[in-house]
file final.txt (compact mmCIF, C-alpha atoms)
# COMPACT_ATOMS: atom_id res chain seq x y z
CA MET A 89 7.46 -7.68 -7.16
CA GLU A 90 5.51 -6.70 -10.27
CA PHE A 91 1.86 -7.62 -10.11
CA ASN A 92 -0.21 -8.08 -13.24
CA ASN A 93 -3.79 -6.90 -13.62
CA ASN A 94 -5.36 -10.24 -14.42
CA LYS A 95 -5.68 -11.80 -11.01
CA ALA A 96 -6.32 -10.88 -7.38
CA ILE A 97 -3.12 -9.85 -5.57
CA TYR A 98 -3.50 -12.50 -2.88
CA LEU A 99 -3.50 -15.21 -5.57
CA GLN A 100 -0.45 -13.72 -7.24
CA ILE A 101 1.32 -13.81 -3.87
CA ALA A 102 0.25 -17.46 -3.51
CA GLU A 103 1.93 -18.20 -6.84
CA TYR A 104 5.07 -16.44 -5.64
CA VAL A 105 5.10 -18.54 -2.46
CA CYS A 106 4.61 -21.76 -4.47
CA GLU A 107 7.47 -20.72 -6.73
CA GLN A 108 9.80 -20.23 -3.74
CA ILE A 109 8.88 -23.71 -2.51
CA LEU A 110 9.28 -25.47 -5.88
CA LEU A 111 12.62 -23.74 -6.48
CA GLY A 112 13.78 -24.97 -3.08
CA LYS A 113 14.40 -21.43 -1.78
CA TRP A 114 12.17 -22.09 1.21
CA LYS A 115 12.96 -25.34 3.04
CA THR A 116 10.62 -27.54 5.06
CA GLU A 117 12.41 -27.11 8.37
CA ASP A 118 12.63 -23.30 8.13
CA LYS A 119 10.10 -20.78 9.29
CA ILE A 120 8.88 -18.85 6.26
CA PRO A 121 8.80 -15.01 6.19
CA SER A 122 6.20 -13.63 8.59
CA VAL A 123 3.07 -11.93 7.29
CA ARG A 124 4.61 -8.55 8.08
CA GLU A 125 8.00 -9.32 6.51
CA MET A 126 6.28 -10.49 3.36
CA ALA A 127 3.98 -7.43 3.27
CA VAL A 128 6.96 -5.08 3.58
CA GLU A 129 8.94 -6.92 0.91
CA LEU A 130 6.03 -6.90 -1.55
CA GLU A 131 4.73 -3.44 -0.50
CA VAL A 132 1.21 -4.75 0.12
CA ASN A 133 -1.30 -4.69 2.96
CA PRO A 134 -0.50 -7.34 5.64
CA ASN A 135 -4.17 -8.41 5.52
CA THR A 136 -3.61 -9.46 1.89
CA VAL A 137 -0.62 -11.64 2.83
CA MET A 138 -2.66 -13.09 5.68
CA ARG A 139 -5.35 -14.05 3.16
CA THR A 140 -2.69 -15.77 1.02
CA TYR A 141 -1.23 -17.69 3.97
CA GLU A 142 -4.70 -18.79 5.09
CA LEU A 143 -5.50 -19.97 1.56
CA LEU A 144 -2.26 -21.99 1.42
CA GLN A 145 -2.92 -23.37 4.89
CA GLY A 146 -6.28 -24.59 3.61
CA LYS A 147 -4.46 -26.30 0.72
CA ASN A 148 -2.11 -28.04 3.21
CA ILE A 149 0.87 -26.19 1.77
CA LEU A 150 1.57 -24.13 4.91
CA ASN A 151 1.22 -24.88 8.60
CA ASN A 152 0.44 -22.23 11.18
CA LYS A 153 2.14 -22.89 14.48
CA ARG A 154 0.28 -20.56 16.76
CA GLY A 155 2.51 -17.89 18.28
CA ILE A 156 5.56 -19.03 16.30
CA GLY A 157 4.71 -18.46 12.68
CA PHE A 158 4.11 -20.21 9.39
CA PHE A 159 6.08 -23.27 8.25
CA LEU A 160 5.96 -25.47 5.17
CA ALA A 161 3.72 -28.51 5.61
CA ASP A 162 5.36 -31.94 5.55
CA ASN A 163 4.50 -33.02 2.02
CA THR A 164 4.34 -29.48 0.78
CA ILE A 165 5.89 -30.11 -2.68
CA ASP A 166 3.11 -32.56 -3.62
CA GLN A 167 0.46 -30.16 -2.37
CA VAL A 168 2.01 -27.24 -4.27
CA LYS A 169 2.05 -29.27 -7.48
CA GLN A 170 -1.56 -30.27 -6.92
CA TYR A 171 -2.60 -26.66 -6.34
CA ARG A 172 -0.58 -25.26 -9.24
CA LYS A 173 -1.93 -27.97 -11.54
CA THR A 174 -5.52 -26.99 -10.76
CA CYS A 175 -4.68 -23.31 -11.35
CA PHE A 176 -2.96 -24.13 -14.66
CA ILE A 177 -5.83 -26.27 -15.93
CA GLU A 178 -8.40 -23.63 -15.01
CA ASP A 179 -6.56 -20.43 -15.93
CA GLU A 180 -4.00 -21.12 -18.63
CA LEU A 181 -5.01 -24.26 -20.48
CA PRO A 182 -8.19 -22.84 -22.08
CA ASN A 183 -6.14 -20.04 -23.62
CA LEU A 184 -3.53 -22.51 -24.89
CA PHE A 185 -6.26 -24.73 -26.38
CA ARG A 186 -7.85 -21.72 -28.04
CA ASN A 187 -4.58 -20.84 -29.78
CA LEU A 188 -3.89 -24.47 -30.75
CA TYR A 189 -7.31 -24.60 -32.36
CA LEU A 190 -7.16 -21.23 -34.10
CA LEU A 191 -3.62 -21.77 -35.41
CA GLU A 192 -4.28 -25.41 -36.34
CA ILE A 193 -1.30 -26.79 -34.42
CA ASP A 194 -1.59 -30.58 -34.17
CA PHE A 195 -0.55 -32.70 -31.20
CA ASP A 196 2.43 -34.27 -32.98
CA GLU A 197 4.00 -30.89 -33.57
CA LEU A 198 3.15 -29.86 -30.02
CA LYS A 199 4.73 -33.02 -28.63
CA SER A 200 8.03 -32.60 -30.47
CA ARG A 201 8.22 -28.93 -29.47
CA TYR A 202 7.46 -29.87 -25.88
CA GLN A 203 10.26 -32.46 -25.84
CA THR A 204 12.74 -30.01 -27.35
CA PHE A 205 11.78 -27.40 -24.76
CA VAL A 206 12.22 -29.83 -21.86
CA SER A 207 15.63 -31.03 -23.05
CA GLN A 208 16.85 -27.47 -23.62
CA ASN A 209 15.63 -26.03 -20.35
CA PHE A 210 15.69 -28.85 -17.83
CA ASN A 211 18.33 -31.28 -19.28
CA ALA A 212 15.84 -34.05 -18.73
CA MET B 299 2.80 -27.49 25.49
CA ARG B 300 0.45 -27.25 28.46
CA GLY B 301 1.19 -23.56 28.72
CA MET B 302 0.35 -23.02 25.10
CA MET B 303 -2.95 -24.87 25.43
CA GLY B 304 -3.81 -22.59 28.32
CA MET B 305 -3.09 -19.55 26.21
CA LYS B 306 -5.19 -20.89 23.43
CA THR B 307 -8.30 -21.25 25.56
CA LEU B 308 -7.76 -17.78 26.97
CA THR B 309 -7.74 -16.18 23.53
CA HIS B 310 -10.79 -18.13 22.45
CA ILE B 311 -13.31 -16.79 24.91
CA ARG B 312 -16.46 -16.14 22.93
CA LEU B 313 -19.10 -13.67 24.01
CA PRO B 314 -22.75 -14.54 23.38
CA LEU B 315 -24.06 -12.93 20.21
CA ASN B 316 -26.48 -10.67 22.02
CA PHE B 317 -23.81 -9.45 24.46
CA PHE B 318 -23.39 -6.14 22.67
CA GLN B 319 -27.09 -5.43 22.22
CA ASN B 320 -27.80 -6.19 25.88
CA ASN B 321 -24.92 -4.11 27.13
CA LEU B 322 -25.04 -1.21 24.72
CA GLU B 323 -25.47 1.43 27.43
CA ILE B 324 -22.61 0.08 29.51
CA ILE B 325 -20.46 -0.19 26.41
CA LYS B 326 -21.15 3.42 25.55
CA GLN B 327 -20.05 4.47 29.01
CA HIS B 328 -16.92 2.36 28.95
CA HIS B 329 -16.26 2.58 25.26
CA THR B 330 -12.50 2.88 25.52
CA LEU B 331 -12.16 0.10 28.08
CA VAL B 332 -14.32 -2.35 26.16
CA TYR B 333 -12.47 -1.47 22.99
CA TYR B 334 -9.22 -2.64 24.45
CA LEU B 335 -10.77 -5.74 26.03
CA THR B 336 -12.60 -7.07 23.01
CA ASN B 337 -10.95 -5.32 20.08
CA THR B 338 -14.25 -5.37 18.24
CA VAL B 339 -15.74 -1.97 18.99
CA ASP B 340 -15.20 0.58 16.24
CA MET B 341 -12.36 3.01 16.60
CA ILE B 342 -14.29 5.73 14.80
CA ASN B 343 -18.04 6.14 14.78
CA ILE B 344 -19.55 8.92 12.70
CA ASN B 345 -23.26 9.41 13.16
CA ASN B 346 -25.43 11.72 11.05
CA LEU B 347 -22.62 14.17 10.53
CA ASN B 348 -23.58 17.49 8.98
CA PHE B 349 -20.84 19.83 7.97
CA GLY B 350 -20.24 22.72 5.59
CA TYR B 351 -17.90 25.71 5.49
CA SER B 352 -20.91 27.93 4.85
CA LYS B 353 -24.53 27.39 5.85
CA HIS B 354 -25.81 27.44 2.29
CA LYS B 355 -23.31 24.92 0.95
CA PRO B 356 -23.39 21.69 2.94
CA LEU B 357 -20.47 19.34 2.34
CA PHE B 358 -21.74 16.35 4.35
CA LYS B 359 -25.44 15.61 4.85
CA ASN B 360 -26.28 13.06 7.56
CA MET B 361 -23.12 11.09 6.93
CA SER B 362 -22.63 7.94 9.01
CA MET B 363 -19.70 5.55 8.97
CA ARG B 364 -17.75 3.22 11.24
CA LEU B 365 -14.05 2.50 10.99
CA SER B 366 -12.09 -0.04 12.97
CA ASN B 367 -8.50 -0.84 13.82
CA GLY B 368 -6.39 -3.26 11.78
CA HIS B 369 -7.17 -1.63 8.44
CA ILE B 370 -5.72 0.74 5.89
CA TYR B 371 -8.64 2.72 4.51
CA GLY B 372 -8.27 4.48 1.17
CA LEU B 373 -10.34 7.64 1.06
CA LEU B 374 -11.28 8.55 -2.51
CA GLY B 375 -13.38 11.30 -4.04
CA LYS B 376 -13.36 14.03 -6.66
CA ASN B 377 -11.76 17.40 -5.96
CA GLY B 378 -13.97 19.18 -3.47
CA ALA B 379 -15.83 16.00 -2.41
CA GLY B 380 -14.70 16.62 1.18
CA LYS B 381 -11.86 14.15 1.73
CA SER B 382 -9.59 16.60 3.54
CA THR B 383 -12.55 18.04 5.41
CA LEU B 384 -13.58 14.62 6.71
CA LEU B 385 -10.02 14.02 7.89
CA LYS B 386 -9.99 17.43 9.61
CA ASN B 387 -13.26 16.57 11.36
CA LEU B 388 -11.65 13.39 12.71
CA ALA B 389 -8.57 15.24 13.92
CA GLY B 390 -10.63 17.97 15.66
CA LEU B 391 -9.47 20.72 13.30
CA VAL B 392 -13.00 21.65 12.22
CA TYR B 393 -16.28 21.09 14.05
CA ALA B 394 -19.47 19.32 13.04
CA GLN B 395 -22.63 21.43 12.64
CA SER B 396 -24.70 18.55 13.95
CA GLY B 397 -24.39 14.82 14.48
CA THR B 398 -21.73 13.01 16.49
CA LEU B 399 -18.14 12.01 15.92
CA ASP B 400 -16.61 9.47 18.24
CA VAL B 401 -12.90 8.74 17.99
CA MET B 402 -11.62 6.16 20.50
CA GLY B 403 -14.32 7.26 22.91
CA PHE B 404 -13.58 10.97 22.56
CA ASN B 405 -15.22 13.84 20.75
CA PRO B 406 -12.32 15.21 18.67
CA ALA B 407 -13.81 18.73 18.71
CA LYS B 408 -12.92 18.93 22.41
CA ARG B 409 -9.27 18.40 21.49
CA GLN B 410 -8.36 16.58 24.68
CA PRO B 411 -4.64 15.77 24.93
CA ALA B 412 -5.45 12.12 25.73
CA LEU B 413 -6.95 11.80 22.25
CA LEU B 414 -4.58 14.10 20.37
CA GLU B 415 -1.54 12.10 21.47
CA GLN B 416 -3.19 9.10 19.81
CA ILE B 417 -3.67 10.84 16.48
CA CYS B 418 -1.03 11.25 13.80
CA PHE B 419 -2.27 13.72 11.20
CA ILE B 420 -0.23 14.31 8.04
CA PRO B 421 -1.91 17.20 6.20
CA GLU B 422 -1.38 17.94 2.55
CA GLU B 423 -0.29 21.50 3.24
CA PHE B 424 1.89 22.17 6.24
CA TYR B 425 4.43 24.58 7.64
CA LEU B 426 7.74 23.63 9.17
CA PRO B 427 9.80 26.17 11.14
CA SER B 428 13.32 27.40 10.50
CA VAL B 429 15.03 24.92 12.81
CA LYS B 430 16.95 21.67 12.42
CA ILE B 431 15.39 18.27 13.07
CA ASP B 432 16.77 17.90 16.61
CA ALA B 433 15.24 21.22 17.72
CA TYR B 434 11.93 20.28 16.10
CA LEU B 435 11.94 16.98 17.99
CA LYS B 436 12.77 18.67 21.28
CA ALA B 437 9.81 21.01 20.89
CA ASN B 438 7.22 18.52 19.59
CA ALA B 439 8.02 14.97 20.66
CA PRO B 440 7.24 15.56 24.39
CA PHE B 441 3.54 15.93 23.49
CA TYR B 442 3.51 12.24 22.60
CA LYS B 443 4.16 9.98 25.60
CA LYS B 444 5.08 6.97 23.51
CA PHE B 445 7.28 8.80 21.00
CA ASP B 446 9.89 6.34 19.69
CA HIS B 447 13.14 8.23 19.05
CA ASP B 448 15.01 5.21 17.67
CA TYR B 449 12.26 4.51 15.16
CA PHE B 450 12.27 8.17 14.12
CA THR B 451 16.04 8.02 13.53
CA ASP B 452 15.62 4.84 11.47
CA LEU B 453 12.93 6.41 9.31
CA ILE B 454 14.94 9.60 8.74
CA LYS B 455 17.90 7.47 7.66
CA GLU B 456 15.75 5.35 5.40
CA PHE B 457 14.25 8.45 3.78
CA ASP B 458 17.74 9.88 3.33
CA ILE B 459 16.96 13.21 5.06
CA PRO B 460 19.87 15.63 5.60
CA VAL B 461 19.71 16.10 9.39
CA GLU B 462 22.03 19.13 9.42
CA GLN B 463 19.77 21.18 7.18
CA LYS B 464 17.08 23.53 8.48
CA LEU B 465 13.58 22.20 7.85
CA ILE B 466 12.47 25.35 6.06
CA ASN B 467 15.22 24.97 3.45
CA MET B 468 14.30 21.41 2.56
CA SER B 469 12.36 20.50 -0.57
CA TYR B 470 8.62 19.82 -0.27
CA GLY B 471 9.24 16.07 -0.60
CA GLN B 472 11.92 16.10 2.11
CA LYS B 473 9.69 18.08 4.47
CA LYS B 474 6.88 15.67 3.82
CA LYS B 475 9.11 12.73 4.69
CA VAL B 476 10.12 14.44 7.95
CA ILE B 477 6.51 14.84 9.07
CA ILE B 478 5.63 11.30 7.99
CA ALA B 479 8.57 9.98 10.04
CA PHE B 480 7.56 12.16 13.00
CA GLY B 481 3.91 11.13 12.74
CA LEU B 482 4.64 7.41 12.68
CA ALA B 483 7.19 7.71 15.50
CA THR B 484 4.46 9.12 17.76
CA GLN B 485 3.06 5.54 17.83
CA ALA B 486 -0.41 7.04 17.47
CA LYS B 487 -3.26 4.54 17.06
CA LEU B 488 -5.08 6.65 14.50
CA VAL B 489 -2.94 7.58 11.49
CA ILE B 490 -4.52 10.07 9.09
CA MET B 491 -2.67 10.98 5.91
CA ASP B 492 -3.86 13.47 3.31
CA GLU B 493 -2.21 12.76 -0.06
CA PRO B 494 0.98 11.38 1.53
CA THR B 495 2.69 10.41 -1.74
CA ASN B 496 2.37 13.90 -3.27
CA GLY B 497 5.85 15.28 -3.74
CA LEU B 498 7.65 12.01 -3.03
CA ASP B 499 10.19 10.92 -5.63
CA ILE B 500 10.11 7.42 -7.16
CA PRO B 501 12.35 5.62 -4.61
CA SER B 502 10.61 7.41 -1.72
CA LYS B 503 7.22 6.12 -2.85
CA ALA B 504 8.46 2.53 -2.65
CA GLN B 505 10.01 3.24 0.78
CA PHE B 506 6.73 4.79 1.88
CA ARG B 507 4.80 1.68 0.86
CA LYS B 508 7.22 -0.55 2.77
CA ILE B 509 7.03 1.69 5.84
CA MET B 510 3.22 1.69 5.76
CA ALA B 511 3.09 -2.10 5.31
CA SER B 512 5.14 -2.47 8.47
CA ALA B 513 3.28 0.30 10.35
CA MET B 514 -0.09 -1.43 9.86
CA THR B 515 -0.75 -3.35 13.05
CA ASP B 516 -3.93 -4.76 14.59
CA GLU B 517 -4.08 -1.81 17.00
CA ARG B 518 -3.83 0.86 14.35
CA CYS B 519 -6.40 2.45 12.09
CA ILE B 520 -4.81 4.08 9.06
CA ILE B 521 -6.77 6.39 6.76
CA ILE B 522 -5.11 7.64 3.58
CA SER B 523 -6.76 10.05 1.20
CA THR B 524 -5.36 9.96 -2.29
CA HIS B 525 -5.80 10.75 -5.94
CA GLN B 526 -2.71 8.70 -6.76
CA VAL B 527 -4.45 5.35 -6.42
CA ARG B 528 -1.77 3.53 -8.41
CA ASP B 529 0.79 4.54 -5.76
CA LEU B 530 -1.18 2.90 -3.00
CA ASP B 531 -3.75 0.44 -4.33
CA ASN B 532 -2.01 -2.67 -2.95
CA LEU B 533 -1.79 -1.10 0.50
CA ILE B 534 -5.46 -0.20 0.82
CA ASP B 535 -7.73 -2.97 2.16
CA THR B 536 -10.95 -0.97 2.36
CA VAL B 537 -12.18 1.68 -0.04
CA ILE B 538 -14.19 4.68 1.13
CA MET B 539 -15.53 6.88 -1.61
CA LEU B 540 -17.15 10.24 -0.99
CA ASP B 541 -19.58 11.73 -3.48
CA GLU B 542 -22.62 14.01 -3.37
CA ASN B 543 -22.37 14.93 0.31
CA ASP B 544 -22.21 11.34 1.54
CA VAL B 545 -20.33 8.04 1.52
CA ALA B 546 -20.91 6.61 -1.96
CA LEU B 547 -19.12 3.36 -1.15
CA LYS B 548 -17.42 1.77 1.82
CA ALA B 549 -16.34 -1.80 1.18
CA SER B 550 -13.29 -4.01 1.57
CA VAL B 551 -11.31 -5.01 -1.49
CA GLU B 552 -12.35 -8.59 -0.77
CA GLU B 553 -16.03 -7.64 -0.71
CA ILE B 554 -15.76 -5.54 -3.87
CA THR B 555 -14.04 -8.28 -5.87
CA ALA B 556 -16.49 -10.87 -4.56
CA LYS B 557 -19.34 -8.83 -6.05
CA LEU B 558 -17.66 -7.32 -9.09
CA THR B 559 -15.28 -8.54 -11.78
CA PHE B 560 -12.75 -6.22 -13.35
CA LYS B 561 -11.50 -7.44 -16.71
CA LYS B 562 -10.63 -6.76 -20.31
CA VAL B 563 -13.37 -7.64 -22.78
CA LYS B 564 -13.55 -7.49 -26.58
CA GLU B 565 -17.16 -6.44 -26.84
CA ILE B 566 -19.70 -4.75 -24.61
CA ASP B 567 -22.88 -6.58 -23.63
CA ASP B 568 -25.74 -6.04 -21.18
CA SER B 569 -23.96 -7.63 -18.23
CA ILE B 570 -21.38 -4.84 -18.15
CA ILE B 571 -22.02 -2.07 -15.65
CA TYR B 572 -19.31 0.27 -16.86
CA ALA B 573 -16.51 0.11 -19.42
CA GLU B 574 -13.70 2.25 -20.73
CA ALA B 575 -12.19 1.79 -24.19
CA SER B 576 -8.61 0.53 -24.24
CA LEU B 577 -6.20 -0.50 -26.99
CA SER B 578 -7.30 -4.13 -27.08
CA GLY B 579 -11.00 -3.70 -26.33
CA TYR B 580 -12.55 -2.46 -23.11
CA ASN B 581 -11.68 -2.42 -19.41
CA ALA B 582 -14.99 -3.42 -17.90
CA VAL B 583 -16.72 -3.74 -14.54
CA MET B 584 -19.47 -6.34 -14.29
CA PRO B 585 -21.23 -8.39 -11.63
CA ASN B 586 -19.10 -11.34 -10.55
CA TYR B 587 -21.39 -14.13 -11.78
CA HIS B 588 -18.75 -16.85 -11.98
CA GLN B 589 -16.82 -16.26 -8.72
CA GLU B 590 -13.84 -14.93 -10.62
CA GLU B 591 -10.90 -13.65 -8.58
CA SER B 592 -10.02 -10.49 -10.42
CA LYS B 593 -7.74 -7.67 -9.34
CA LEU B 594 -9.56 -4.55 -8.20
CA ASP B 595 -8.89 -1.67 -10.61
CA MET B 596 -9.40 1.26 -8.27
CA GLU B 597 -9.38 3.94 -10.97
CA LEU B 598 -11.96 2.05 -12.99
CA LEU B 599 -14.11 1.53 -9.89
CA PHE B 600 -13.86 5.23 -9.07
CA ASN B 601 -15.01 6.29 -12.55
CA ALA B 602 -17.68 3.57 -12.61
CA ILE B 603 -19.24 4.78 -9.38
CA LEU B 604 -19.25 8.40 -10.51
CA ALA B 605 -20.93 7.39 -13.78
CA GLU B 606 -23.29 4.65 -12.60
CA LYS B 607 -23.98 5.38 -8.97
CA ILE B 608 -27.51 3.97 -9.05
CA LYS B 609 -26.36 0.59 -10.32
CA PHE B 610 -23.86 0.18 -7.50
CA LYS B 611 -26.15 1.17 -4.63
CA PRO B 612 -28.05 -2.16 -4.37
CA LEU B 613 -24.81 -4.18 -4.57
CA PHE B 614 -23.23 -2.61 -1.50
CA SER B 615 -26.07 -1.62 0.79
call {"tool": "encode", "arguments": {"input": "final.txt", "output": "structure tokens"}}
result
Amino acid sequence: MEFNNNKAIYLQIAEYVCEQILLGKWKTEDKIPSVREMAVELEVNPNTVMRTYELLQGKNILNNKRGIGFFLADNTIDQVKQYRKTCFIEDELPNLFRNLYLLEIDFDELKSRYQTFVSQNFNA
Amino acid sequence: MRGMMGMKTLTHIRLPLNFFQNNLEIIKQHHTLVYYLTNTVDMININNLNFGYSKHKPLFKNMSMRLSNGHIYGLLGKNGAGKSTLLKNLAGLVYAQSGTLDVMGFNPAKRQPALLEQICFIPEEFYLPSVKIDAYLKANAPFYKKFDHDYFTDLIKEFDIPVEQKLINMSYGQKKKVIIAFGLATQAKLVIMDEPTNGLDIPSKAQFRKIMASAMTDERCIIISTHQVRDLDNLIDTVIMLDENDVALKASVEEITAKLTFKKVKEIDDSIIYAEASLSGYNAVMPNYHQEESKLDMELLFNAILAEKIKFKPLFS
């Protein structure tokens, strides 16, 4: 996995985990990769992955069953969306707003572009 | 379920806070035992270490530091700062002039087998004899009671080492991979590596990172000295930097990024401690006023500490 330089590694791993959940690659009933498996796959310190899993446990996205491992929490998709939404509003939206302002893009144009994008990419 | 509850209470025994102060003498006497019982006593304790290769040129002056298990320490420092020398002190290859070194309850200078079988030392320069791997194993593995032959075979396979070739005829990178595989297969609790990625090709570096991620357990203390911080920066959880005869910084990545922010800025202002010009502005280090969660830039930190040592001292004392 390629990490960027903008954000702490443990948060980038959290995004990766959320992505796996939203894409349905990790399922609720399955045990998710252990801290060690994840550390080996991503070539990072296991303590970093532990920090990620503890963060996501605090956000009710993961459950730690002591001695067995980490699982997805019951309503994990809602929690992931909630968490990702907060991240997006804090990290990415200000930059988007800045460009909208500087380039004088109005909301009508934005709206039509948004709708085109959704229909092209998600067939919605 | 009942069984699990029982286990839970057993692992949650808490000692009173003053337990260690009150029992310091006993702990000193039974250092090793207590270490295994509580897992909280340091694996390495360096106290007022003085060392130099000649009397007139001291390398370490009253250096003190504690290291514990469950971490990968990254040892950084300029050429000649004493990284390799510190590692040699820990492995009992050179002796302190004064001060004490305690490694798992032993003084490494005494070179007792009970300690040496718990140390895996991968030096930067090494010699391997004119024999094949199996002969090398036969001669060396018996010194390590817990040597894991299957694990060694796995690592050799993963590193793609030609087992039929004599060690002396292998390339530097191949030799290095052999001693890394041997060192980890000893199951030693203290793993010391001096520039381990030097000489490794691109795929081997990725394999090395994976192997180290899986080798890091709660029982192990891993110390890696390196100039190639980009090879290893995601593996290291605690940075130790040597400069001017002492430890200039010892802090976990978490602690460093809680106190400092590493980011790109367009212009330099007073809040910035250190900055380097880049294409799109500056890469800067500044106090973390707004609880930002930035990624530690180890090279930038290294240069920042060399340039602005005084400004960092109060932050990490």
call {"tool": "closest_atom_pairs", "arguments": {"input": "final.txt", "of": "chain A", "to": "chain B", "cutoff": "8 Å", "atoms": "only C-alpha atoms", "output": "Markdown table"}}
result
| residue | atom | partner | partner_atom | distance |
| --- | --- | --- | --- | --- |
| A:Asn93 | CA | B:Lys593 | CA | 5.9 |
| A:Asn94 | CA | B:Ser592 | CA | 6.1 |
| A:Lys95 | CA | B:Ser592 | CA | 4.6 |
| A:Ala96 | CA | B:Lys593 | CA | 4.0 |
| A:Ile97 | CA | B:Lys593 | CA | 6.3 |
| A:Arg124 | CA | B:Ser512 | CA | 6.1 |
| A:Glu125 | CA | B:Ser512 | CA | 7.7 |
| A:Ala127 | CA | B:Ala511 | CA | 5.8 |
| A:Val128 | CA | B:Lys508 | CA | 4.6 |
| A:Glu129 | CA | B:Lys508 | CA | 6.9 |
| A:Leu130 | CA | B:Lys508 | CA | 7.8 |
| A:Glu131 | CA | B:Lys508 | CA | 5.0 |
| A:Val132 | CA | B:Leu533 | CA | 4.7 |
| A:Asn133 | CA | B:Leu533 | CA | 4.4 |
| A:Pro134 | CA | B:Ala511 | CA | 6.4 |
| A:Asn135 | CA | B:Asp535 | CA | 7.3 |
| A:Thr136 | CA | B:Asp535 | CA | 7.7 |
call {"tool": "closest_residue", "arguments": {"input": "final.txt", "among": "A:Leu110, A:Val206, A:Ile177, A:Ile149", "to": "Ala161 of chain A", "atoms": "all atoms listed in the file"}}
result
A:Ile149
call {"tool": "atom_distance", "arguments": {"input": "final.txt", "atom1": "atom CA of Pro406 of chain B", "atom2": "atom CA of Met363 of chain B"}}
result
15.6 Å
call {"tool": "atom_distance", "arguments": {"input": "final.txt", "atom1": "atom CA of Gln463 of chain B", "atom2": "atom CA of Leu426 of chain B"}}
result
12.4 Å
call {"tool": "atom_distance", "arguments": {"input": "final.txt", "atom1": "atom CA of Val545 of chain B", "atom2": "atom CA of Thr495 of chain B"}}
result
23.4 Å
call {"tool": "closest_residue", "arguments": {"input": "final.txt", "among": "A:Tyr104, A:Phe205, A:Phe91, A:Tyr189", "to": "Met126 of chain A", "atoms": "only C-alpha atoms"}}
result
A:Tyr104
call {"tool": "closest_residue", "arguments": {"input": "final.txt", "among": "A:Asn183, A:Leu160, A:Lys199, A:Phe176", "to": "Lys113 of chain A", "atoms": "all atoms listed in the file"}}
result
A:Leu160
call {"tool": "closest_residue", "arguments": {"input": "final.txt", "among": "B:Ala486, B:Ala479, B:Ile521, B:Val429", "to": "Lys443 of chain B", "atoms": "all atoms listed in the file"}}
result
B:Ala486
call {"tool": "residues_near_point", "arguments": {"input": "final.txt", "point": "(-8.5, 15.3, 20.6)", "cutoff": "12 Å", "atoms": "all atoms listed in the file", "output": "PyMOL selection string"}}
result
chain B and resi 386-393+399-419+486+488
call {"tool": "residues_around", "arguments": {"input": "final.txt", "residues": "Gly579 of chain B", "least_positions_apart": "3", "cutoff": "8 Å", "atoms": "only C-alpha atoms", "output": "MDAnalysis selection string"}}
result
chainID B and resid 562:565 575:576
call {"tool": "write_last_selection", "arguments": {"input": "final.txt", "atoms": "C-alpha atoms", "output": "PDB file, in the frame of the given file"}}
result
ATOM      1  CA  LYS B 562     -10.630  -6.760 -20.310  1.00  0.00           C
ATOM      2  CA  VAL B 563     -13.370  -7.640 -22.780  1.00  0.00           C
ATOM      3  CA  LYS B 564     -13.550  -7.490 -26.580  1.00  0.00           C
ATOM      4  CA  GLU B 565     -17.160  -6.440 -26.840  1.00  0.00           C
ATOM      5  CA  ALA B 575     -12.190   1.790 -24.190  1.00  0.00           C
ATOM      6  CA  SER B 576      -8.610   0.530 -24.240  1.00  0.00           C
TER       7      SER B 576
END
call {"tool": "residues_near_point", "arguments": {"input": "final.txt", "point": "(12.4, -28.2, 6.7)", "cutoff": "12 Å", "atoms": "only C-alpha atoms", "output": "mmCIF file with C-alpha atoms, keeping the file's coordinate frame"}}
result
data_model
loop_
_atom_site.group_PDB
_atom_site.id
_atom_site.type_symbol
_atom_site.label_atom_id
_atom_site.label_comp_id
_atom_site.auth_asym_id
_atom_site.auth_seq_id
_atom_site.Cartn_x
_atom_site.Cartn_y
_atom_site.Cartn_z
ATOM 1 C CA ILE A 109 8.880 -23.710 -2.510
ATOM 2 C CA GLY A 112 13.780 -24.970 -3.080
ATOM 3 C CA LYS A 113 14.400 -21.430 -1.780
ATOM 4 C CA TRP A 114 12.170 -22.090 1.210
ATOM 5 C CA LYS A 115 12.960 -25.340 3.040
ATOM 6 C CA THR A 116 10.620 -27.540 5.060
ATOM 7 C CA GLU A 117 12.410 -27.110 8.370
ATOM 8 C CA ASP A 118 12.630 -23.300 8.130
ATOM 9 C CA LYS A 119 10.100 -20.780 9.290
ATOM 10 C CA ILE A 120 8.880 -18.850 6.260
ATOM 11 C CA LEU A 150 1.570 -24.130 4.910
ATOM 12 C CA ASN A 151 1.220 -24.880 8.600
ATOM 13 C CA PHE A 158 4.110 -20.210 9.390
ATOM 14 C CA PHE A 159 6.080 -23.270 8.250
ATOM 15 C CA LEU A 160 5.960 -25.470 5.170
ATOM 16 C CA ALA A 161 3.720 -28.510 5.610
ATOM 17 C CA ASP A 162 5.360 -31.940 5.550
ATOM 18 C CA ASN A 163 4.500 -33.020 2.020
ATOM 19 C CA THR A 164 4.340 -29.480 0.780
ATOM 20 C CA ILE A 165 5.890 -30.110 -2.680
#
call {"tool": "closest_residue", "arguments": {"input": "final.txt", "among": "A:Gln208, A:Gln100, A:Gln108, A:Ser200", "to": "Arg139 of chain A", "atoms": "all atoms listed in the file"}}
result
A:Gln100
call {"tool": "decode", "arguments": {"input": "final.txt", "residues": "segment 166-172 of chain A", "atoms": "C-alpha atoms", "output": "CSV table (one decimal), in the first residue's frame"}}
result
chain,number,residue,atom,x,y,z
A,166,ASP,CA,-23.5,3.3,9.3
A,167,GLN,CA,-20.6,3.9,11.7
A,168,VAL,CA,-18.1,3.9,8.8
A,169,LYS,CA,-20.2,6.4,6.9
A,170,GLN,CA,-20.5,8.6,10.0
A,171,TYR,CA,-16.7,8.4,10.6
A,172,ARG,CA,-15.8,9.0,6.9
